[in-house]
>>> print(open('upload_13.cif').read())   # mmCIF, C-alpha atoms and all ligand atoms
data_query
#
loop_
_atom_site.label_atom_id
_atom_site.label_comp_id
_atom_site.auth_asym_id
_atom_site.auth_seq_id
_atom_site.Cartn_x
_atom_site.Cartn_y
_atom_site.Cartn_z
CA MET A 216 0.00 0.00 0.00
CA SER A 217 1.75 3.14 -1.20
CA LYS A 218 -1.05 5.64 -0.75
CA GLN A 219 -0.57 7.72 2.41
CA ILE A 220 -2.95 10.52 3.25
CA TYR A 221 -2.37 12.72 6.27
CA PHE A 222 -5.43 13.60 8.37
CA ASP A 223 -3.70 14.58 11.59
CA TYR A 224 -2.93 18.29 11.12
CA ALA A 225 -4.05 19.01 14.70
CA ALA A 226 -1.19 16.81 15.97
CA THR A 227 1.38 18.49 13.79
CA THR A 228 1.80 19.86 10.27
CA PRO A 229 4.42 19.32 7.58
CA MET A 230 6.72 22.29 7.17
CA LYS A 231 6.17 24.37 4.06
CA LYS A 232 9.11 24.51 1.67
CA GLU A 233 9.21 28.32 1.83
CA VAL A 234 9.59 28.03 5.61
CA LEU A 235 12.46 25.59 5.31
CA GLU A 236 14.17 27.81 2.72
CA GLU A 237 13.95 30.80 5.03
CA MET A 238 15.45 28.80 7.89
CA MET A 239 18.36 27.21 6.02
CA PRO A 240 20.94 30.06 6.13
CA TYR A 241 20.52 30.36 9.91
CA PHE A 242 21.95 26.87 10.43
CA ASN A 243 25.34 27.70 8.96
CA THR A 244 26.13 30.98 7.19
CA GLU A 245 24.03 33.13 9.57
CA PHE A 246 24.75 31.04 12.65
CA GLY A 247 25.82 33.86 14.97
CA ASN A 248 24.56 34.22 18.52
CA PRO A 249 22.24 37.25 18.62
CA SER A 250 23.79 38.31 21.93
CA SER A 251 27.27 38.58 20.38
CA VAL A 252 28.72 41.98 19.54
CA HIS A 253 29.97 41.30 16.02
CA GLY A 254 28.65 40.89 12.50
CA PHE A 255 27.75 37.21 12.91
CA GLY A 256 25.72 38.04 15.99
CA ARG A 257 24.03 40.98 14.32
CA HIS A 258 22.82 38.74 11.49
CA GLY A 259 21.27 36.36 14.00
CA LYS A 260 19.71 39.32 15.79
CA THR A 261 18.21 40.58 12.53
CA GLY A 262 16.54 37.19 11.92
CA LEU A 263 15.23 37.15 15.48
CA ASP A 264 13.86 40.70 15.39
CA SER A 265 12.24 40.26 12.02
CA ALA A 266 10.45 37.05 13.11
CA ARG A 267 9.22 38.79 16.25
CA ASP A 268 7.84 41.67 14.18
CA LYS A 269 6.06 39.29 11.82
CA ILE A 270 4.39 37.37 14.62
CA ALA A 271 3.44 40.54 16.52
CA LYS A 272 1.78 41.84 13.37
CA THR A 273 -0.41 38.73 12.96
CA LEU A 274 -1.73 39.24 16.51
CA ASN A 275 -1.95 43.04 16.39
CA ALA A 276 0.50 43.00 19.31
CA LYS A 277 3.64 45.05 19.89
CA SER A 278 6.90 43.30 19.08
CA ASP A 279 8.15 43.63 22.65
CA GLU A 280 5.10 41.72 23.87
CA ILE A 281 6.15 38.54 21.99
CA PHE A 282 8.44 36.11 23.85
CA PHE A 283 9.83 33.03 22.14
CA THR A 284 9.66 29.66 23.89
CA ALA A 285 10.30 26.00 23.10
CA GLY A 286 6.67 25.45 22.04
CA GLY A 287 3.03 25.64 23.04
CA THR A 288 3.63 23.51 26.12
CA GLU A 289 6.24 25.86 27.55
CA SER A 290 4.11 28.89 26.72
CA ASP A 291 1.16 27.41 28.65
CA ASN A 292 3.35 26.42 31.61
CA TRP A 293 4.97 29.84 31.72
CA ALA A 294 1.71 31.75 31.36
CA ILE A 295 -0.03 29.89 34.17
CA LYS A 296 2.79 29.37 36.65
CA GLY A 297 4.25 32.78 35.89
CA VAL A 298 1.01 34.56 36.76
CA ALA A 299 0.26 32.29 39.72
CA TYR A 300 3.65 32.83 41.36
CA ALA A 301 3.82 36.55 40.66
CA ASN A 302 0.34 37.27 42.01
CA LYS A 303 0.03 34.92 44.97
CA ASN A 304 0.03 37.85 47.36
CA LYS A 305 -3.33 38.80 45.80
CA GLY A 306 -4.92 35.37 45.85
CA ASN A 307 -4.52 31.71 45.03
CA HIS A 308 -7.57 30.89 42.91
CA ILE A 309 -7.40 29.96 39.22
CA ILE A 310 -10.28 29.21 36.84
CA THR A 311 -9.90 26.95 33.81
CA THR A 312 -12.01 24.36 31.97
CA LYS A 313 -12.27 20.58 31.93
CA ILE A 314 -11.32 20.37 28.25
CA GLU A 315 -7.93 22.11 28.22
CA HIS A 316 -4.84 20.59 26.66
CA HIS A 317 -2.75 18.65 29.17
CA ALA A 318 -0.14 21.42 29.06
CA VAL A 319 -2.72 23.56 30.89
CA LEU A 320 -4.52 20.86 32.91
CA TYR A 321 -1.41 19.28 34.38
CA THR A 322 0.11 22.68 35.15
CA CYS A 323 -3.04 23.60 37.06
CA GLN A 324 -2.97 20.26 38.88
CA ALA A 325 0.67 20.83 39.84
CA LEU A 326 -0.26 24.25 41.24
CA GLU A 327 -3.03 22.64 43.31
CA LYS A 328 -0.34 20.53 44.99
CA GLU A 329 1.46 23.77 45.81
CA GLY A 330 -1.58 25.23 47.56
CA PHE A 331 -3.38 26.98 44.71
CA GLU A 332 -7.09 26.35 44.27
CA VAL A 333 -8.40 25.57 40.78
CA THR A 334 -11.96 25.58 39.43
CA TYR A 335 -12.43 23.42 36.32
CA LEU A 336 -15.48 24.71 34.43
CA ASP A 337 -17.89 22.23 32.84
CA VAL A 338 -18.74 22.46 29.15
CA ASP A 339 -21.99 21.63 27.38
CA GLU A 340 -22.57 18.80 24.88
CA TYR A 341 -20.81 20.86 22.19
CA GLY A 342 -17.78 21.54 24.35
CA MET A 343 -18.78 25.15 24.98
CA ILE A 344 -18.27 26.90 28.32
CA ASN A 345 -21.15 28.81 29.93
CA LEU A 346 -20.30 32.47 30.61
CA ASP A 347 -22.62 32.57 33.64
CA ASP A 348 -20.72 29.62 35.10
CA LEU A 349 -17.54 31.61 34.59
CA LYS A 350 -18.99 34.68 36.34
CA ASN A 351 -20.23 32.54 39.23
CA ALA A 352 -16.86 30.85 39.65
CA ILE A 353 -15.04 34.15 40.20
CA LYS A 354 -14.09 34.84 43.80
CA ASP A 355 -12.25 37.62 45.61
CA ASN A 356 -9.04 35.59 45.46
CA THR A 357 -9.22 34.71 41.74
CA ILE A 358 -5.97 35.79 40.07
CA LEU A 359 -6.07 34.01 36.72
CA ILE A 360 -8.58 32.71 34.19
CA THR A 361 -7.17 30.41 31.51
CA ILE A 362 -9.52 29.17 28.77
CA MET A 363 -8.41 27.65 25.48
CA TYR A 364 -9.40 29.48 22.31
CA ALA A 365 -10.21 26.35 20.30
CA ASN A 366 -10.10 22.72 21.32
CA ASN A 367 -7.56 20.37 19.76
CA GLU A 368 -9.80 17.30 19.85
CA ILE A 369 -13.28 18.47 18.95
CA GLY A 370 -12.48 21.88 17.42
CA THR A 371 -14.97 23.91 19.47
CA ILE A 372 -14.23 27.64 19.53
CA GLN A 373 -14.92 29.34 22.88
CA PRO A 374 -16.41 32.82 23.39
CA THR A 375 -12.92 34.05 24.26
CA LYS A 376 -13.58 37.77 23.87
CA GLU A 377 -16.63 37.60 26.16
CA ALA A 378 -14.70 35.54 28.74
CA ALA A 379 -11.76 37.97 28.63
CA THR A 380 -14.19 40.89 29.10
CA ILE A 381 -15.59 39.26 32.23
CA ALA A 382 -12.05 38.82 33.56
CA LYS A 383 -11.10 42.40 32.77
CA GLU A 384 -14.16 43.81 34.57
CA LYS A 385 -12.97 42.03 37.71
CA GLY A 386 -9.31 42.91 37.23
CA ILE A 387 -8.34 39.26 36.73
CA ILE A 388 -5.52 38.26 34.37
CA PHE A 389 -6.73 36.29 31.33
CA HIS A 390 -4.72 33.71 29.38
CA THR A 391 -5.78 31.70 26.34
CA ASP A 392 -4.14 28.66 24.79
CA ALA A 393 -4.53 29.66 21.14
CA VAL A 394 -2.25 26.95 19.74
CA GLN A 395 -5.02 25.45 17.60
CA ALA A 396 -6.66 28.74 16.71
CA TYR A 397 -3.49 30.50 15.55
CA GLY A 398 -3.09 30.39 11.79
CA ASN A 399 -6.72 29.28 11.43
CA LEU A 400 -8.63 32.23 12.88
CA THR A 401 -8.12 35.98 13.05
CA LEU A 402 -6.67 36.75 16.47
CA ASP A 403 -6.34 40.36 17.61
CA VAL A 404 -5.06 40.54 21.18
CA ASN A 405 -6.44 44.04 21.66
CA ASP A 406 -9.88 43.33 20.29
CA LEU A 407 -9.99 40.11 22.35
CA GLY A 408 -8.65 41.83 25.46
CA VAL A 409 -6.49 38.88 26.49
CA ASP A 410 -3.38 39.40 28.65
CA LEU A 411 -1.49 36.28 27.64
CA LEU A 412 -1.80 34.02 24.60
CA SER A 413 0.11 30.83 23.70
CA ILE A 414 1.04 29.81 20.14
CA SER A 415 3.21 27.13 18.54
CA ALA A 416 5.04 26.92 15.20
CA HIS A 417 4.58 23.26 14.30
CA LYS A 418 0.78 23.55 14.20
CA ILE A 419 1.03 26.19 11.46
CA TYR A 420 3.48 24.55 8.99
CA GLY A 421 6.52 25.74 10.92
CA PRO A 422 9.21 23.77 12.78
CA LYS A 423 8.72 21.75 15.97
CA GLY A 424 10.12 22.92 19.29
CA VAL A 425 9.41 26.62 18.93
CA GLY A 426 6.50 28.68 20.18
CA ALA A 427 5.73 32.04 21.66
CA LEU A 428 3.88 33.63 24.52
CA TYR A 429 2.21 36.99 24.04
CA ILE A 430 2.40 38.95 27.30
CA ARG A 431 0.50 42.23 27.40
CA LYS A 432 2.68 45.08 28.63
CA GLY A 433 2.22 45.54 32.39
CA THR A 434 1.03 41.98 33.10
CA LYS A 435 2.63 40.74 36.30
CA THR A 436 4.32 37.38 35.66
CA LYS A 437 7.34 35.53 36.97
CA GLN A 438 10.24 34.21 34.92
CA LEU A 439 10.53 30.40 34.89
CA ILE A 440 13.67 29.73 32.82
CA LEU A 441 16.69 31.36 34.44
CA GLY A 442 20.08 32.07 32.92
CA GLY A 443 21.20 34.61 30.34
CA ALA A 444 19.58 37.93 29.53
CA GLN A 445 17.67 36.76 26.43
CA GLU A 446 14.06 37.77 25.67
CA LYS A 447 14.41 40.98 27.67
CA ARG A 448 15.58 39.01 30.69
CA ARG A 449 12.31 37.10 30.91
CA ARG A 450 13.17 33.78 29.24
CA ALA A 451 16.79 32.70 29.33
CA GLY A 452 18.65 30.52 26.83
CA THR A 453 20.30 31.12 23.46
CA GLU A 454 17.46 31.61 21.03
CA ASN A 455 16.52 28.88 18.54
CA ILE A 456 17.15 31.24 15.64
CA PRO A 457 16.46 28.88 12.70
CA GLY A 458 13.25 27.73 14.42
CA ILE A 459 12.17 31.26 15.26
CA VAL A 460 12.87 32.47 11.71
CA GLY A 461 10.80 29.55 10.39
CA PHE A 462 8.01 30.39 12.83
CA GLY A 463 7.96 33.99 11.58
CA LYS A 464 7.74 32.88 7.95
CA ALA A 465 5.01 30.30 8.72
CA ALA A 466 2.99 32.92 10.62
CA GLU A 467 3.29 35.43 7.82
CA MET A 468 2.21 32.86 5.22
CA ALA A 469 -0.72 31.62 7.35
CA TYR A 470 -2.18 35.11 7.66
CA GLU A 471 -1.54 36.08 4.04
CA ASN A 472 -3.62 33.10 2.93
CA LEU A 473 -6.11 32.93 5.78
CA GLU A 474 -9.32 33.54 3.85
CA ALA A 475 -8.63 31.04 1.05
CA HIS A 476 -7.31 28.50 3.58
CA ASN A 477 -10.48 28.75 5.65
CA LYS A 478 -12.88 28.66 2.74
CA LYS A 479 -11.25 25.54 1.35
CA LEU A 480 -11.03 23.74 4.68
CA ILE A 481 -14.59 24.53 5.74
CA ASN A 482 -15.91 23.17 2.44
CA LEU A 483 -13.91 19.96 2.72
CA ARG A 484 -14.70 19.60 6.43
CA ASP A 485 -18.44 19.97 5.89
CA LYS A 486 -18.48 17.59 2.94
CA LEU A 487 -16.60 14.92 4.88
CA THR A 488 -18.80 15.32 7.95
CA LYS A 489 -22.05 15.28 6.03
CA GLU A 490 -21.16 12.24 3.93
CA LEU A 491 -19.89 10.18 6.85
CA LEU A 492 -22.91 10.95 9.04
CA GLU A 493 -25.24 10.13 6.14
CA LYS A 494 -23.51 6.97 4.98
CA ILE A 495 -22.89 5.42 8.39
CA SER A 496 -25.58 4.79 11.00
CA TYR A 497 -25.09 5.14 14.78
CA THR A 498 -22.72 8.08 14.45
CA ARG A 499 -22.52 11.54 15.99
CA LEU A 500 -20.47 14.61 15.33
CA ASN A 501 -18.47 15.72 18.38
CA GLY A 502 -17.94 19.41 18.96
CA HIS A 503 -19.96 22.41 17.85
CA PRO A 504 -21.61 22.13 14.41
CA THR A 505 -20.54 25.63 13.29
CA LYS A 506 -18.33 27.23 15.96
CA ARG A 507 -15.49 24.85 15.22
CA LEU A 508 -12.02 24.90 13.69
CA PRO A 509 -12.10 24.90 9.87
CA GLY A 510 -10.12 21.64 9.61
CA ASN A 511 -11.64 19.59 12.43
CA VAL A 512 -13.88 16.53 12.01
CA ASN A 513 -14.53 14.37 15.09
CA ILE A 514 -17.08 11.59 14.84
CA SER A 515 -18.11 8.82 17.24
CA PHE A 516 -19.03 5.45 15.76
CA ASN A 517 -20.98 3.27 18.16
CA PHE A 518 -20.05 -0.39 18.58
CA ILE A 519 -16.43 -0.06 17.49
CA GLU A 520 -13.07 0.65 19.05
CA GLY A 521 -11.28 3.77 17.87
CA GLU A 522 -7.94 1.98 17.98
CA SER A 523 -9.08 -0.84 15.64
CA LEU A 524 -10.57 1.78 13.36
CA LEU A 525 -7.26 3.67 13.27
CA LEU A 526 -5.33 0.50 12.42
CA SER A 527 -7.75 -0.41 9.64
CA LEU A 528 -7.55 3.12 8.26
CA ASP A 529 -3.77 3.04 8.43
CA MET A 530 -3.82 -0.13 6.30
CA VAL A 531 -5.55 1.77 3.51
CA GLY A 532 -3.20 4.72 3.94
CA ILE A 533 -5.39 7.07 5.99
CA ALA A 534 -3.62 8.65 8.97
CA GLY A 535 -6.13 9.84 11.57
CA SER A 536 -6.28 10.04 15.34
CA SER A 537 -8.58 8.54 17.94
CA GLY A 538 -9.16 11.86 19.67
CA SER A 539 -5.96 13.23 21.00
CA ALA A 540 -2.37 12.19 20.43
CA CYS A 541 -1.77 12.55 24.13
CA THR A 542 -4.44 10.06 25.18
CA SER A 543 -3.82 7.44 22.53
CA GLY A 544 -1.62 4.76 23.97
CA SER A 545 -3.47 4.95 27.25
CA LEU A 546 -6.72 3.18 28.04
CA ASP A 547 -8.42 6.18 29.60
CA PRO A 548 -10.97 7.74 27.28
CA SER A 549 -10.31 11.32 26.26
CA HIS A 550 -11.08 13.81 29.04
CA VAL A 551 -12.60 16.10 26.42
CA LEU A 552 -15.05 13.50 25.13
CA MET A 553 -15.99 12.60 28.72
CA ALA A 554 -16.56 16.29 29.52
CA ILE A 555 -19.06 16.66 26.66
CA GLY A 556 -21.01 13.77 28.17
CA LEU A 557 -20.07 10.74 26.08
CA ASP A 558 -20.07 7.36 27.79
CA HIS A 559 -16.84 5.34 27.81
CA GLU A 560 -17.74 3.16 24.80
CA THR A 561 -18.79 6.03 22.60
CA ALA A 562 -15.70 8.03 23.56
CA HIS A 563 -13.52 5.02 22.67
CA GLY A 564 -15.22 4.72 19.29
CA SER A 565 -14.26 8.22 18.20
CA LEU A 566 -12.20 9.28 15.25
CA ARG A 567 -10.55 12.66 14.69
CA LEU A 568 -9.67 13.61 11.13
CA THR A 569 -8.00 17.00 10.86
CA LEU A 570 -7.48 18.63 7.48
CA GLY A 571 -4.93 21.17 6.35
CA ASP A 572 -3.38 23.06 3.48
CA PHE A 573 -2.28 19.94 1.60
CA THR A 574 -5.63 18.14 1.87
CA THR A 575 -7.39 17.72 -1.49
CA GLU A 576 -10.95 16.95 -2.52
CA GLU A 577 -9.70 13.54 -3.75
CA ASP A 578 -8.38 12.82 -0.26
CA ILE A 579 -11.83 13.52 1.15
CA ASP A 580 -13.50 11.35 -1.48
CA TYR A 581 -11.07 8.56 -0.68
CA VAL A 582 -12.06 8.60 3.02
CA ILE A 583 -15.74 8.73 2.12
CA GLU A 584 -15.21 5.64 -0.03
CA LYS A 585 -13.02 3.67 2.39
CA LEU A 586 -14.43 4.43 5.82
CA PRO A 587 -18.03 3.08 5.63
CA PRO A 588 -17.05 -0.52 4.68
CA ILE A 589 -14.36 -0.52 7.39
CA VAL A 590 -16.86 0.57 10.04
CA ASP A 591 -19.27 -2.06 8.73
CA ARG A 592 -16.69 -4.82 8.92
CA LEU A 593 -15.60 -3.88 12.45
CA ARG A 594 -19.21 -3.77 13.58
CA GLN A 595 -19.84 -7.26 12.25
CA MET A 596 -17.46 -8.39 14.97
CA SER A 597 -19.40 -6.63 17.71
CA PRO A 598 -22.01 -8.74 19.55
CA LEU A 599 -23.64 -5.54 20.77
CA TYR A 600 -24.16 -4.29 17.24
CA GLU A 601 -25.76 -7.56 16.17
CA LYS A 602 -28.17 -7.28 19.09
CA VAL A 603 -29.15 -3.69 18.35
CA LYS A 604 -29.49 -4.38 14.63
CA GLY A 605 -31.65 -7.42 15.35
CA GLY A 606 -33.81 -5.45 17.77
CA ASN A 607 -34.44 -2.69 15.28
CA LYS A 608 -35.61 -4.94 12.52
C1 LIG B 701 -0.26 21.11 20.34
C2 LIG B 701 -0.92 21.86 21.44
C3 LIG B 701 -0.19 22.31 22.55
C4 LIG B 701 1.27 21.99 22.75
O1 LIG B 701 2.09 22.64 21.84
P1 LIG B 701 3.56 22.06 21.55
O2 LIG B 701 4.19 23.09 20.68
O3 LIG B 701 3.36 20.74 20.86
O4 LIG B 701 4.25 21.92 22.87
C5 LIG B 701 -0.86 23.04 23.51
N1 LIG B 701 -2.16 23.32 23.38
C6 LIG B 701 -2.89 22.91 22.32
C7 LIG B 701 -4.32 23.28 22.23
C8 LIG B 701 -2.29 22.16 21.32
O5 LIG B 701 -3.02 21.74 20.29
#
>>> encode(input="upload_13.cif", output="structure tokens", more="lines below")
Ligand SMILES: *Cc1c(COP(=O)(O)O)cnc(C)c1O
Amino acid sequence: MSKQIYFDYAATTPMKKEVLEEMMPYFNTEFGNPSSVHGFGRHGKTGLDSARDKIAKTLNAKSDEIFFTAGGTESDNWAIKGVAYANKNKGNHIITTKIEHHAVLYTCQALEKEGFEVTYLDVDEYGMINLDDLKNAIKDNTILITIMYANNEIGTIQPTKEAATIAKEKGIIFHTDAVQAYGNLTLDVNDLGVDLLSISAHKIYGPKGVGALYIRKGTKTKQLILGGAQEKRRRAGTENIPGIVGFGKAAEMAYENLEAHNKKLINLRDKLTKELLEKISYTRLNGHPTKRLPGNVNISFNFIEGESLLLSLDMVGIAGSSGSACTSGSLDPSHVLMAIGLDHETAHGSLRLTLGDFTTEEDIDYVIEKLPPIVDRLRQMSPLYEKVKGGNK
């Protein structure tokens, strides 16, 4: 089987060739350390500054509000712990949601062990938070609200601007994990009113191991990585210049092509969803029907195991995911699918197909052709399915 189609853009994306080309010189000819006081260093510094400007522009932020990190995970850790530690004289209460990425959830859990108190907001069947719940959760000692912009498993887009407004009215710092939203949606930090925002390069056709944290000027946070004076003395370590340069190029390209990218992906997404739900019985779409990421399809198939489905798909060259890369390999069902109210079996029978810039209409047609017979075959092996089918006849 030579055919290989990638449907896991939410896990990571292939780097665009323009991005790689932009990075190449910084590995050898322009290798200087930006902190060095000579020509080599200055060239590195130019690459660094230019990437920072490009990323700031895509967010309508100021360049000195963008801090480079080693990825979305570090940005989330820094945002949350940084605010918690720097503001603990004001209070120890943090509000987040039950459907955050583990980079946020586990950081919050670690802070609980250190004496912070965390409220994990419920979401509805579509994965949407309730703004009244958020208001009611706020206490006098709340110092931070962290709510993801868009979910990596089910694609649901939160009312981030409204949530940030509620935080601002109470003088509470607001962070959003925008790793999935960045490069897919227009994000204006000033219009949104967020104080901190996490992004990552490898989700937007850039290199792995590089990300950024937007920190609004005046936001009180603590430095986590100590050492040299890099990133205005707030995040130490010699900068990953090739990675950062690639991130800048990927960001610029994503926002130059945003409209066409979205139009194409929404069309393909809706076609795939509609056809699969029509052609296969006992299915449901997970996540919000319209307020969802342009490339996200997440469907539960009753009476089958997501893992067997993934293996069967892999055999015909379709690379999907059973929900989240972080939960596959473990037997626990996805915390996101549990939070939207699925039972264990349904959560286990879920498939995430995420589309991106290299997805074609033929790829979609191929899945629509291959998936229904695979589901059918797997269900033939399920005693439960036979019973239900028999009962319905
Ligand atoms: C991928 C992802 C992260 C982690 O980013 P890395 O750059 O892989 O560390 C965090 N949050 C969300 C929502 C993600 O999708």
>>> residues_around(input="upload_13.cif", residues="range 478-493 of chain A", least_positions_apart="3", cutoff="6 Å", atoms="only C-alpha atoms", output="VMD selection string")
chain A and resid 475 509 to 510
>>> write_last_selection(input="upload_13.cif", atoms="C-alpha atoms", output="PDB file, in the coordinates of the input")
ATOM      1  CA  ALA A 475      -8.630  31.040   1.050  1.00  0.00           C
ATOM      2  CA  PRO A 509     -12.100  24.900   9.870  1.00  0.00           C
ATOM      3  CA  GLY A 510     -10.120  21.640   9.610  1.00  0.00           C
TER       4      GLY A 510
END
>>> closest_atom_pairs(input="upload_13.cif", of="range 438-521 of chain A", to="range 556-579 of chain A", cutoff="6 Å", atoms="all atoms listed in the file", output="tab-separated table")
residue	atom	partner	partner_atom	distance
A:Gly510	CA	A:Leu570	CA	4.5
A:Asn511	CA	A:Thr569	CA	4.7
A:Val512	CA	A:Leu568	CA	5.2
A:Asn513	CA	A:Arg567	CA	4.4
A:Ile514	CA	A:Leu566	CA	5.4
A:Ser515	CA	A:Ser565	CA	4.0
A:Phe516	CA	A:Gly564	CA	5.2
A:Asn517	CA	A:Thr561	CA	5.7
A:Ile519	CA	A:Gly564	CA	5.2
A:Glu520	CA	A:Gly564	CA	4.6
A:Gly521	CA	A:Gly564	CA	4.3
>>> residues_near_ligand(input="upload_13.cif", ligand="ligand LIG 701 (chain B)", cutoff="9 Å", atoms="all atoms listed in the file", output="PyMOL selection string")
chain A and resi 225-227+285-291+315-319+363-368+392-396+413-418+423-426
>>> closest_residue(input="upload_13.cif", among="A:Lys604, A:Val551, A:Asn405, A:Arg448", to="Ser496 in chain A", atoms="only C-alpha atoms")
A:Lys604
>>> atom_distance(input="upload_13.cif", atom1="CA of Gly330 in chain A", atom2="CA of Thr311 in chain A")
16.2 Å
>>> atom_distance(input="upload_13.cif", atom1="CA of Asp403 in chain A", atom2="CA of Ala427 in chain A")
15.2 Å
>>> residues_around(input="upload_13.cif", residues="range 370-386 of chain A", least_positions_apart="4", cutoff="8 Å", atoms="only C-alpha atoms", output="PyMOL selection string")
chain A and resi 341-344+346+349-350+360+362-366+391+406-409+502-503+506-508+511-512
>>> closest_residue(input="upload_13.cif", among="A:Pro587, A:Pro422, A:Pro249, A:Gly433", to="Thr498 in chain A", atoms="only C-alpha atoms")
A:Pro587
>>> decode(input="upload_13.cif", residues="range 238-258 of chain A", atoms="N, CA and C atoms", output="PDB file, in the first residue's frame")
ATOM      1  N   MET A 238      14.674  29.227   6.723  1.00  0.00           N
ATOM      2  CA  MET A 238      15.452  28.800   7.893  1.00  0.00           C
ATOM      3  C   MET A 238      16.894  28.438   7.546  1.00  0.00           C
ATOM      4  N   MET A 239      17.082  27.844   6.371  1.00  0.00           N
ATOM      5  CA  MET A 239      18.361  27.215   6.017  1.00  0.00           C
ATOM      6  C   MET A 239      19.612  28.046   6.329  1.00  0.00           C
ATOM      7  N   PRO A 240      19.692  29.316   5.905  1.00  0.00           N
ATOM      8  CA  PRO A 240      20.937  30.063   6.134  1.00  0.00           C
ATOM      9  C   PRO A 240      21.288  30.173   7.619  1.00  0.00           C
ATOM     10  N   TYR A 241      20.274  30.139   8.480  1.00  0.00           N
ATOM     11  CA  TYR A 241      20.521  30.360   9.908  1.00  0.00           C
ATOM     12  C   TYR A 241      21.152  29.150  10.592  1.00  0.00           C
ATOM     13  N   PHE A 242      21.257  28.036   9.857  1.00  0.00           N
ATOM     14  CA  PHE A 242      21.948  26.874  10.428  1.00  0.00           C
ATOM     15  C   PHE A 242      23.456  26.965  10.236  1.00  0.00           C
ATOM     16  N   ASN A 243      23.890  27.661   9.150  1.00  0.00           N
ATOM     17  CA  ASN A 243      25.344  27.702   8.961  1.00  0.00           C
ATOM     18  C   ASN A 243      25.867  29.108   8.649  1.00  0.00           C
ATOM     19  N   THR A 244      25.500  29.695   7.503  1.00  0.00           N
ATOM     20  CA  THR A 244      26.131  30.978   7.186  1.00  0.00           C
ATOM     21  C   THR A 244      25.752  32.074   8.188  1.00  0.00           C
ATOM     22  N   GLU A 245      24.494  32.083   8.630  1.00  0.00           N
ATOM     23  CA  GLU A 245      24.027  33.132   9.566  1.00  0.00           C
ATOM     24  C   GLU A 245      23.878  32.538  10.967  1.00  0.00           C
ATOM     25  N   PHE A 246      24.890  31.836  11.425  1.00  0.00           N
ATOM     26  CA  PHE A 246      24.751  31.045  12.653  1.00  0.00           C
ATOM     27  C   PHE A 246      25.012  31.829  13.934  1.00  0.00           C
ATOM     28  N   GLY A 247      25.360  33.096  13.807  1.00  0.00           N
ATOM     29  CA  GLY A 247      25.825  33.856  14.970  1.00  0.00           C
ATOM     30  C   GLY A 247      24.836  33.909  16.121  1.00  0.00           C
ATOM     31  N   ASN A 248      25.372  34.085  17.314  1.00  0.00           N
ATOM     32  CA  ASN A 248      24.559  34.220  18.521  1.00  0.00           C
ATOM     33  C   ASN A 248      24.071  35.664  18.608  1.00  0.00           C
ATOM     34  N   PRO A 249      22.771  35.879  18.639  1.00  0.00           N
ATOM     35  CA  PRO A 249      22.240  37.253  18.623  1.00  0.00           C
ATOM     36  C   PRO A 249      22.771  38.131  19.758  1.00  0.00           C
ATOM     37  N   SER A 250      23.261  37.506  20.819  1.00  0.00           N
ATOM     38  CA  SER A 250      23.786  38.306  21.933  1.00  0.00           C
ATOM     39  C   SER A 250      25.214  38.779  21.675  1.00  0.00           C
ATOM     40  N   SER A 251      25.867  38.226  20.642  1.00  0.00           N
ATOM     41  CA  SER A 251      27.266  38.578  20.385  1.00  0.00           C
ATOM     42  C   SER A 251      27.396  39.942  19.718  1.00  0.00           C
ATOM     43  N   VAL A 252      28.499  40.637  20.083  1.00  0.00           N
ATOM     44  CA  VAL A 252      28.720  41.975  19.540  1.00  0.00           C
ATOM     45  C   VAL A 252      29.670  41.898  18.356  1.00  0.00           C
ATOM     46  N   HIS A 253      29.214  41.297  17.269  1.00  0.00           N
ATOM     47  CA  HIS A 253      29.970  41.302  16.016  1.00  0.00           C
ATOM     48  C   HIS A 253      28.990  41.013  14.886  1.00  0.00           C
ATOM     49  N   GLY A 254      29.510  41.048  13.670  1.00  0.00           N
ATOM     50  CA  GLY A 254      28.651  40.893  12.498  1.00  0.00           C
ATOM     51  C   GLY A 254      27.836  39.609  12.499  1.00  0.00           C
ATOM     52  N   PHE A 255      28.471  38.492  12.886  1.00  0.00           N
ATOM     53  CA  PHE A 255      27.751  37.211  12.911  1.00  0.00           C
ATOM     54  C   PHE A 255      26.534  37.324  13.841  1.00  0.00           C
ATOM     55  N   GLY A 256      26.781  37.873  15.001  1.00  0.00           N
ATOM     56  CA  GLY A 256      25.721  38.037  15.988  1.00  0.00           C
ATOM     57  C   GLY A 256      24.610  38.934  15.473  1.00  0.00           C
ATOM     58  N   ARG A 257      25.040  40.035  14.833  1.00  0.00           N
ATOM     59  CA  ARG A 257      24.030  40.984  14.324  1.00  0.00           C
ATOM     60  C   ARG A 257      23.107  40.324  13.307  1.00  0.00           C
ATOM     61  N   HIS A 258      23.659  39.423  12.472  1.00  0.00           N
ATOM     62  CA  HIS A 258      22.817  38.741  11.489  1.00  0.00           C
ATOM     63  C   HIS A 258      21.772  37.867  12.182  1.00  0.00           C
TER      64      HIS A 258
END
